[in-house]
Amino acid sequence: MAAAGAAATDIEVVRGKRAALFFAAVAIVLGLPLWWKTTETYRASLPYSQINGLNALQLRLMVPVTVVFARESVPVDDLEKLPFTVVHEREIPLKYKMKIKCRFQKAYRRALDHEEEALSLSSVQEAEAMLAEPQEQPEGSLTVYVISEHSSLLPQDTMSYIGPKRTAVVRGLMHREAFNIIGRRIIQVAQAMSLTEDVLAGALADRLPEDKWSSEKRRPLKSSLGYEITFSLLNPDPKSHDVHWDIEGAVQRYVQPFLNALSAAGNFSVDSQILYYAVLGVNPRFDPASSSYYLAAHSLPHVINPVESRLGSSAASLYPVLNFLLYVPELAHSPLYIQDKDGTPVATNAFHSPRWGGIMVYNVDPTAYNASGLPVKVEVDMVQVMEVFLAQLRLLFGIAQPHLPPKCLFSGPKSEGLMSWELDRLLWARSVENLATAMTTLTSLAQLLGKISNIVIKDDVASEVYRAVAAVQKAAEELATGHLASAFLASQEAVTSSERAFFDPSLLHLLYFPDDQKFAIYIPLFLPMAVPILLSLFKIFLETRKSWKKPEKID
């Protein structure tokens with residue numbers, strides 16, 4: 001009877017050991033891997049090697065230049081060598097990690113019959129209109145016509161002409177080194193119409209060291225998908241001035257053609273408003289000599305902040321806002337003039353603030369106060385006002401006058417206020433700026449994700465990163481082949497995708513989830529289960545070890 005009880009006890013002990021081992025095996029083999037897999041931070045794969053390779057990217061900006069030689073523009077022996085191609089490449093000396101090279105690919109050829117007919121006209125404007133009829137040139141390309149040394153198409157003291165379209169005219173030369181001499185003139189004209197150090201320095205001003213480039217080139221607006229333009233009429237003294245302005249008609253006549261020509265660089269929206277009792281934040285000073293008031297140059301920065309609080313346009317905007325203010329001074333401070341640093345009145349009586357907008361002071365004619373009582377009816381001369389605002393708008397976008405070569409005739413913009421090659425220069429600058437922004441964003445994101453392992457990387461974030469890297473590479477390839485329009489679109493996609501990935505809200509979900517919080521959550525779950533299993537394993541280990549040391553009985 002006792003033997004049967006002992007046998008049953010031994011069976012229960014063996015069964016308990018097996019159950020403990022089974023539970024331990026299930027917990028270790030199945031439970032731990034399942035828990036580890038289901039609780040790990042999901043991190044989709046990212047192209048880290050490609051992102052690191054972007055730091056060594058070299059941009060080659062290719063400008064296709066078609067050079068057309070008319071009859072008697074160069075010696076006959078040189079004309080017989082046509083057509084051929086000449087490449088002129090140089091590195092832009094900017095102190096930036098990304099190397100930028102400018103490549104002018106000049107394709108020399110003879111003039112066709114209709115081109116010879118156009119170049120034989122008496123006016124360069126007529127010739128340009130006739131040459132532009134067959135087809136519009138693609139963005140970023142130039143065509144330079146070389147005419148006879150004694151041609152009457154240009155004034156005799158003029159060596160070159162730059163028009164509003166993507167065309168230029170250069171005077172030829174009867175010399176044995178004609179191609180070399182004319183080639184240098186063509187490069188000067190092409191640089192004035194396309195890529196210069198100033199254009200690229202303005203695009204990368206925020207990334208360049210504090211030197212002559214960045215200090216002088218911080219005016220242009222940053223690249224964006226859209227811009228909002230607000231025209232505001234400030235009437236601080238409505239009891240004295242009844243101001244009327246035809247802003248809708250002025251925008252349609254002067255501003256909208258300019259924005260239509262600039263539409264390739266972004267989307268634009270225009271609105272207007274009238275603000276009463278809106279005064280400047282600076283008290284003008286009185287000048288007894290001229291019986292007028294003035295604003296000194298050092299006080300102009302203090303004018304914007306008090307007025308900006310009344311505008312209310314930038315608070316809810318997704319895009320940069322450009323403010324153009326027309327200020328009619330109150331009767332007590334009329335007339336009011338703006339002075340420059342030398343104390344000389346500014347001719348336009350206006351000033352602009354980089355990346356913000358401009359302000360123009362519009363004085364009421366003093367004779368209007370004698371003609372009638374108050375309030376005086378004021379009709380704003382919108383032609384005068386829009387000339388100033390359009391000039392400020394060009395400066396805000398970094399569209400400055402080119403550095404012309406010697407003895408060059410410059411036609412100036414047409415009615416829309418923007419020349420075709422000026423748009424190309426802006427697109428080049430924006431493309432380089434977008435690529436620099438996208439590369440910086442991708443590099444920062446890769447470094448952040450590499451250092452902090454708690455950040456979740458979802459598939460949609462990874463896809464945006466892959467899309468941004470591909471767009472950067474495509475933009476660089478398109479710039480190297482001279483396809484400016486497609487390169488600009490690819491650079492915009494690179495910026496959009498990189499910033500969408502960088503600012504994705506899912507990256508912050510587990511960022512502030514330290515290890516001590518993990519232990520506080522997991523210990524109450526695993527401790528009640530782990531203690532019995534570990535104690536059972538320890539007991540089994542001791543019993544097994546004891547049985548190994550127990551000596552055998554010898555009869």
# chains A, B, ... in the order shown; residues from 1 in each chain; ligands from 1

$ residues_around --residues "region 64-80 of chain A" --least-positions-apart "4" --cutoff "10 Å" --atoms "only C-alpha atoms" --output "NGL selection string"
:A and (85-87 or 103-113 or 115-117 or 119-120 or 138-151 or 166-179 or 182-183 or 186-187 or 190 or 481-483)

$ residues_around --residues "Ala192 (chain A)" --least-positions-apart "2" --cutoff "8 Å" --atoms "only C-alpha atoms" --output "JSON, numbers by chain"
{"A": [188, 189, 190, 194, 195, 196, 402, 403, 404, 405]}

$ select_by_dssp --residues "region 73-130 of chain A" --states "strand (DSSP E or B)" --output "list in words"
Phe84, Thr85, Val86, Val87, His88, Glu89, Arg90, Glu91, Lys99, Ile100, Lys101, Cys102, Arg103, Phe104, Gln105, Lys106, Ala107, Tyr108, Arg109 and Arg110 of chain A

$ atom_distance --atom1 "CA of Val321 (chain A)" --atom2 "CA of Val432 (chain A)"
22.3 Å

$ closest_residue --among "A:Val378, A:Leu325, A:Ala27, A:Ala429" --to "Ala205 (chain A)" --atoms "only C-alpha atoms"
A:Ala429

$ residues_around --residues "region 338-350 of chain A" --least-positions-apart "6" --cutoff "6 Å" --atoms "only C-alpha atoms" --output "ChimeraX atom specification"
/A:294-297,359-361

$ residues_around --residues "Asn267 (chain A)" --least-positions-apart "6" --cutoff "12 Å" --atoms "only C-alpha atoms" --output "list in words"
Ser223, Ser224, Leu225, Gly226, Tyr227, Glu228, Ile229, Gln256, Leu259, Asn260, Ala261, Tyr319 and Pro320 of chain A

$ closest_residue --among "A:Ile100, A:Ala494, A:Leu280, A:Ala462" --to "Ser45 (chain A)" --atoms "only C-alpha atoms"
A:Ala462

$ select_by_dssp --residues "region 251-326 of chain A" --states "alpha helix (DSSP H)" --output "PyMOL selection string"
chain A and resi 256-261+301-311

$ write_last_selection --atoms "N, CA, C and O atoms" --output "JSON list (two decimals), in the first residue's frame"
[["chain", "number", "residue", "atom", "x", "y", "z"],
["A", 256, "GLN", "N", -2.02, 91.86, -62.92],
["A", 256, "GLN", "CA", -2.38, 90.54, -63.43],
["A", 256, "GLN", "C", -1.53, 90.10, -64.62],
["A", 256, "GLN", "O", -1.12, 88.92, -64.68],
["A", 257, "PRO", "N", -1.22, 90.98, -65.59],
["A", 257, "PRO", "CA", -0.31, 90.54, -66.67],
["A", 257, "PRO", "C", 1.05, 90.09, -66.15],
["A", 257, "PRO", "O", 1.63, 89.13, -66.65],
["A", 258, "PHE", "N", 1.55, 90.79, -65.15],
["A", 258, "PHE", "CA", 2.84, 90.40, -64.56],
["A", 258, "PHE", "C", 2.73, 89.04, -63.87],
["A", 258, "PHE", "O", 3.61, 88.19, -64.02],
["A", 259, "LEU", "N", 1.66, 88.83, -63.12],
["A", 259, "LEU", "CA", 1.49, 87.55, -62.43],
["A", 259, "LEU", "C", 1.24, 86.42, -63.42],
["A", 259, "LEU", "O", 1.67, 85.28, -63.18],
["A", 260, "ASN", "N", 0.55, 86.70, -64.52],
["A", 260, "ASN", "CA", 0.35, 85.67, -65.55],
["A", 260, "ASN", "C", 1.68, 85.25, -66.16],
["A", 260, "ASN", "O", 1.91, 84.06, -66.41],
["A", 261, "ALA", "N", 2.56, 86.22, -66.39],
["A", 261, "ALA", "CA", 3.88, 85.88, -66.92],
["A", 261, "ALA", "C", 4.71, 85.12, -65.91],
["A", 261, "ALA", "O", 5.59, 84.34, -66.27],
["A", 301, "PRO", "N", 12.27, 100.86, -40.23],
["A", 301, "PRO", "CA", 11.95, 99.51, -39.72],
["A", 301, "PRO", "C", 10.90, 99.51, -38.61],
["A", 301, "PRO", "O", 10.22, 98.49, -38.43],
["A", 302, "HIS", "N", 10.75, 100.62, -37.90],
["A", 302, "HIS", "CA", 9.78, 100.67, -36.81],
["A", 302, "HIS", "C", 8.37, 100.99, -37.30],
["A", 302, "HIS", "O", 7.43, 101.03, -36.50],
["A", 303, "VAL", "N", 8.23, 101.22, -38.60],
["A", 303, "VAL", "CA", 6.91, 101.54, -39.16],
["A", 303, "VAL", "C", 6.08, 100.30, -39.38],
["A", 303, "VAL", "O", 4.85, 100.31, -39.25],
["A", 304, "ILE", "N", 6.75, 99.17, -39.67],
["A", 304, "ILE", "CA", 6.03, 97.99, -40.15],
["A", 304, "ILE", "C", 5.26, 97.29, -39.03],
["A", 304, "ILE", "O", 4.09, 96.93, -39.20],
["A", 305, "ASN", "N", 5.89, 97.05, -37.89],
["A", 305, "ASN", "CA", 5.27, 96.24, -36.84],
["A", 305, "ASN", "C", 3.91, 96.75, -36.38],
["A", 305, "ASN", "O", 2.94, 95.98, -36.28],
["A", 306, "PRO", "N", 3.74, 98.06, -36.04],
["A", 306, "PRO", "CA", 2.41, 98.51, -35.63],
["A", 306, "PRO", "C", 1.36, 98.37, -36.72],
["A", 306, "PRO", "O", 0.19, 98.07, -36.44],
["A", 307, "VAL", "N", 1.77, 98.58, -37.97],
["A", 307, "VAL", "CA", 0.81, 98.48, -39.07],
["A", 307, "VAL", "C", 0.46, 97.02, -39.36],
["A", 307, "VAL", "O", -0.69, 96.69, -39.68],
["A", 308, "GLU", "N", 1.44, 96.13, -39.21],
["A", 308, "GLU", "CA", 1.20, 94.72, -39.54],
["A", 308, "GLU", "C", 0.15, 94.09, -38.65],
["A", 308, "GLU", "O", -0.58, 93.19, -39.08],
["A", 309, "SER", "N", 0.04, 94.56, -37.41],
["A", 309, "SER", "CA", -0.98, 94.01, -36.52],
["A", 309, "SER", "C", -2.39, 94.32, -37.00],
["A", 309, "SER", "O", -3.34, 93.62, -36.63],
["A", 310, "ARG", "N", -2.53, 95.35, -37.82],
["A", 310, "ARG", "CA", -3.85, 95.70, -38.35],
["A", 310, "ARG", "C", -4.19, 94.98, -39.64],
["A", 310, "ARG", "O", -5.35, 94.94, -40.05],
["A", 311, "LEU", "N", -3.19, 94.42, -40.30],
["A", 311, "LEU", "CA", -3.44, 93.81, -41.61],
["A", 311, "LEU", "C", -4.20, 92.50, -41.48],
["A", 311, "LEU", "O", -5.16, 92.26, -42.20]]
